[in-house]
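query_21.cif, holding mmCIF, C-alpha atoms and all ligand atoms:
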```
data_data
loop_
_atom_site.group_PDB
_atom_site.id
_atom_site.type_symbol
_atom_site.label_atom_id
_atom_site.label_comp_id
_atom_site.auth_asym_id
_atom_site.auth_seq_id
_atom_site.Cartn_x
_atom_site.Cartn_y
_atom_site.Cartn_z
ATOM 1 C CA MET T 268 -8.667 0.678 -6.270
ATOM 2 C CA TYR T 269 -6.136 3.068 -7.771
ATOM 3 C CA LEU T 270 -3.085 4.414 -6.054
ATOM 4 C CA PRO T 271 -3.299 8.184 -5.800
ATOM 5 C CA ARG T 272 -1.451 10.539 -8.061
ATOM 6 C CA VAL T 273 -1.591 13.674 -5.988
ATOM 7 C CA SER T 274 -1.114 16.981 -7.694
ATOM 8 C CA LYS T 275 0.008 20.019 -5.773
ATOM 9 C CA ALA T 276 -2.813 22.480 -5.418
ATOM 10 C CA PRO T 277 -2.128 25.307 -7.833
ATOM 11 C CA HIS T 278 -3.231 28.647 -6.538
ATOM 12 C CA VAL T 279 -5.899 29.753 -8.947
ATOM 13 C CA ARG T 280 -6.213 33.418 -8.204
ATOM 14 C CA GLU T 281 -7.943 34.403 -11.386
ATOM 15 C CA VAL T 282 -10.031 32.022 -13.367
ATOM 16 C CA ALA T 283 -12.135 33.033 -16.297
ATOM 17 C CA ALA T 284 -15.824 33.047 -15.494
ATOM 18 C CA THR T 285 -18.617 32.939 -18.020
ATOM 19 C CA ALA T 286 -21.579 35.245 -17.748
ATOM 20 C CA GLU T 287 -23.483 32.342 -16.211
ATOM 21 C CA GLY T 288 -20.934 31.990 -13.396
ATOM 22 C CA TRP T 289 -19.085 28.899 -14.592
ATOM 23 C CA LEU T 290 -15.363 28.989 -13.761
ATOM 24 C CA ASP T 291 -12.952 27.760 -16.438
ATOM 25 C CA LEU T 292 -10.835 25.500 -14.243
ATOM 26 C CA CYS T 293 -8.517 23.287 -16.294
ATOM 27 C CA PRO T 294 -8.201 20.984 -19.291
ATOM 28 C CA ALA T 295 -10.515 17.981 -19.163
ATOM 29 C CA ASP T 296 -7.627 15.536 -19.146
ATOM 30 C CA VAL T 297 -8.084 14.131 -15.633
ATOM 31 C CA ALA T 298 -6.927 10.515 -15.590
ATOM 32 C CA PRO T 299 -8.701 7.716 -13.715
ATOM 33 C CA GLY T 300 -7.412 7.712 -10.151
ATOM 34 C CA GLU T 301 -5.944 11.197 -10.406
ATOM 35 C CA LEU T 302 -6.796 13.625 -7.614
ATOM 36 C CA ARG T 303 -6.454 17.129 -9.021
ATOM 37 C CA ALA T 304 -6.572 19.824 -6.369
ATOM 38 C CA PHE T 305 -7.157 23.554 -6.649
ATOM 39 C CA ASP T 306 -7.202 26.491 -4.312
ATOM 40 C CA ILE T 307 -9.680 29.038 -5.547
ATOM 41 C CA ASP T 308 -9.675 32.123 -3.381
ATOM 42 C CA GLY T 309 -8.884 30.037 -0.332
ATOM 43 C CA ARG T 310 -11.395 27.299 -1.066
ATOM 44 C CA ALA T 311 -9.912 23.855 -1.555
ATOM 45 C CA ILE T 312 -11.535 22.035 -4.463
ATOM 46 C CA LEU T 313 -10.843 18.537 -5.709
ATOM 47 C CA ILE T 314 -11.813 17.175 -9.093
ATOM 48 C CA ALA T 315 -11.542 13.494 -9.817
ATOM 49 C CA LEU T 316 -12.769 10.878 -12.234
ATOM 50 C CA ALA T 317 -14.375 7.660 -11.108
ATOM 51 C CA ARG T 318 -16.416 5.163 -13.109
ATOM 52 C CA GLY T 319 -16.183 7.452 -16.109
ATOM 53 C CA ARG T 320 -17.693 10.455 -14.390
ATOM 54 C CA LEU T 321 -15.812 13.623 -13.478
ATOM 55 C CA ALA T 322 -16.909 15.351 -10.275
ATOM 56 C CA ALA T 323 -15.962 18.340 -8.116
ATOM 57 C CA ILE T 324 -15.975 18.019 -4.340
ATOM 58 C CA ASP T 325 -14.788 20.121 -1.408
ATOM 59 C CA ASP T 326 -11.186 19.029 -0.837
ATOM 60 C CA GLN T 327 -11.193 19.749 2.903
ATOM 61 C CA CYS T 328 -12.712 16.818 4.762
ATOM 62 C CA ASN T 329 -15.549 17.907 7.035
ATOM 63 C CA HIS T 330 -14.514 15.346 9.650
ATOM 64 C CA SER T 331 -11.244 16.870 10.733
ATOM 65 C CA GLY T 332 -9.947 19.006 7.889
ATOM 66 C CA CYS T 333 -7.550 16.705 6.059
ATOM 67 C CA LEU T 334 -7.244 17.124 2.306
ATOM 68 C CA LEU T 335 -9.053 14.462 0.336
ATOM 69 C CA SER T 336 -6.589 15.086 -2.502
ATOM 70 C CA SER T 337 -3.982 13.295 -0.374
ATOM 71 C CA GLY T 338 -6.185 10.222 -0.268
ATOM 72 C CA TRP T 339 -7.147 7.801 -2.994
ATOM 73 C CA ILE T 340 -10.002 6.746 -5.243
ATOM 74 C CA ASP T 341 -12.203 3.721 -4.612
ATOM 75 C CA GLU T 342 -13.192 3.066 -8.210
ATOM 76 C CA GLN T 343 -15.760 0.423 -7.330
ATOM 77 C CA ARG T 344 -17.756 2.829 -5.156
ATOM 78 C CA ALA T 345 -16.868 5.917 -7.234
ATOM 79 C CA ALA T 346 -15.639 7.509 -4.027
ATOM 80 C CA VAL T 347 -12.652 9.366 -2.643
ATOM 81 C CA ILE T 348 -11.106 8.074 0.575
ATOM 82 C CA CYS T 349 -9.810 10.566 3.123
ATOM 83 C CA PRO T 350 -6.225 9.682 4.097
ATOM 84 C CA CYS T 351 -6.625 10.565 7.769
ATOM 85 C CA HIS T 352 -9.413 8.299 9.026
ATOM 86 C CA GLU T 353 -10.383 6.578 5.767
ATOM 87 C CA ILE T 354 -13.939 7.820 5.521
ATOM 88 C CA SER T 355 -15.126 7.499 1.931
ATOM 89 C CA PHE T 356 -17.229 10.110 0.171
ATOM 90 C CA GLU T 357 -19.099 9.417 -3.026
ATOM 91 C CA LEU T 358 -17.627 11.789 -5.609
ATOM 92 C CA ALA T 359 -20.846 12.642 -7.434
ATOM 93 C CA THR T 360 -22.956 13.353 -4.342
ATOM 94 C CA GLY T 361 -20.464 13.840 -1.482
ATOM 95 C CA LYS T 362 -22.350 11.214 0.502
ATOM 96 C CA ASN T 363 -20.453 9.775 3.454
ATOM 97 C CA LEU T 364 -20.381 6.061 2.625
ATOM 98 C CA THR T 365 -18.456 4.886 5.668
ATOM 99 C CA ILE T 366 -19.925 6.074 8.958
ATOM 100 C CA PRO T 367 -22.670 8.617 8.236
ATOM 101 C CA ARG T 368 -23.148 9.586 11.879
ATOM 102 C CA LEU T 369 -19.441 10.333 12.352
ATOM 103 C CA CYS T 370 -19.404 13.339 10.034
ATOM 104 C CA ASP T 371 -21.522 15.063 7.408
ATOM 105 C CA ASP T 372 -21.650 14.491 3.710
ATOM 106 C CA GLN T 373 -19.049 16.445 1.767
ATOM 107 C CA PRO T 374 -20.146 19.457 -0.325
ATOM 108 C CA THR T 375 -19.958 18.937 -4.080
ATOM 109 C CA PHE T 376 -20.172 21.416 -6.927
ATOM 110 C CA PRO T 377 -21.777 21.474 -10.359
ATOM 111 C CA LEU T 378 -19.299 20.581 -13.085
ATOM 112 C CA LYS T 379 -19.499 20.530 -16.854
ATOM 113 C CA ILE T 380 -17.095 19.862 -19.698
ATOM 114 C CA GLU T 381 -17.128 22.059 -22.777
ATOM 115 C CA ALA T 382 -14.601 22.307 -25.593
ATOM 116 C CA GLY T 383 -12.177 20.080 -23.711
ATOM 117 C CA ARG T 384 -12.220 22.229 -20.558
ATOM 118 C CA VAL T 385 -13.617 21.656 -17.076
ATOM 119 C CA PHE T 386 -15.994 24.300 -15.739
ATOM 120 C CA ILE T 387 -17.332 24.389 -12.191
ATOM 121 C CA ARG T 388 -19.624 26.639 -10.202
ATOM 122 C CA LEU T 389 -18.850 27.651 -6.642
ATOM 123 C CA ASP T 390 -21.676 30.116 -6.150
ATOM 124 C CA GLY T 391 -25.015 29.139 -4.740
ATOM 125 C CA ASP T 392 -25.638 26.084 -2.663
ATOM 126 C CA PRO T 393 -23.267 23.207 -3.156
ATOM 127 C CA ARG T 394 -25.040 19.944 -3.911
HETATM 128 S S1 LIG T 401 -10.245 14.047 8.496
HETATM 129 FE FE1 LIG T 401 -11.168 12.977 6.860
HETATM 130 S S2 LIG T 401 -11.858 11.156 7.759
HETATM 131 FE FE2 LIG T 401 -11.050 12.238 9.406
#
```

Translate the structure of the given file into structure tokens.
Amino acid sequence: MYLPRVSKAPHVREVAATAEGWLDLCPADVAPGELRAFDIDGRAILIALARGRLAAIDDQCNHSGCLLSSGWIDEQRAAVICPCHEISFELATGKNLTIPRLCDDQPTFPLKIEAGRVFIRLDGDPR
């Protein structure tokens, strides 16, 4: 388990979008255990790396609204732990790994890395 390195959510008011709808979010330099938060037009997004895989997940916990970016990474389960009631969500799928009947799975978003940059999609149905 890593201790969190919480970054303040930068307000991303304008992000470059490709013709295919991918948003150019940030450099692909996310460190293991880092919780990098963004506010894109009022939507809280968290990107994090666990077990070598970078993922994008809704930063606002669907249980009671706390920000997952204030929590920490469980590297063994490739999950982010909410700081408020310690429910863990698998980063790649958003699956609630702790008490599935207590709250829903967390929305996740398609993510890709190209030319050293992180691109995500917010349109369409989250995974
Ligand atoms: S607000 Fe996230 S677990 Fe309760």

Item to check | Expected selection from the PyMOL selection byres (((not hetatm)) within 12 of (chain T and resi 401)), given as a PyMOL selection string | outcome: chain T and resi 325-339+347-356+363-367+369-373

Item to check | Result set of the PyMOL selection byres (((chain T and resi 375) around 10) and not hetatm) on the coordinates above, as a PyMOL selection string | outcome: chain T and resi 312-314+322-326+357-362+372-374+376-378+388-389+392-394

Checklist entry - Between CA of Ala286 in chain T and CA of Arg303 in chain T, what is the spacing in Å? => result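 Distance between the two atoms: 25.2 Å.
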
Item to check | Separation of CA of Gly319 in chain T from CA of Phe305 in chain T, in Å and rounded to one decimal | outcome: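 Taking CA of Gly319 in chain T and CA of Phe305 in chain T, their separation equals 20.7 Å.
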
Checklist entry - CA of Ala284 in chain T and CA of Ile307 in chain T are how many Å apart? => result 12.4 Å

Checklist entry - T:Leu290, T:Ala345, T:Ala304, T:Ala382: which is nearest Leu316 in chain T, counting only C-alpha atoms? => result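 For Leu316 in chain T, the nearest of the candidates is T:Ala345.
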
Next on the checklist: When you count all atoms listed in the file, which of these residues is closest to Arg318 in chain T: T:Ile387, T:Ile340, T:Ile380, T:Leu292?
Outcome noted: T:Ile340

Checklist entry - Of the candidates T:Asp390, T:Asp296, T:Asp291, T:Glu381, which one gets nearest to Arg310 in chain T if we count only C-alpha atoms? => result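 For Arg310 in chain T, the nearest of the given residues is T:Asp390.
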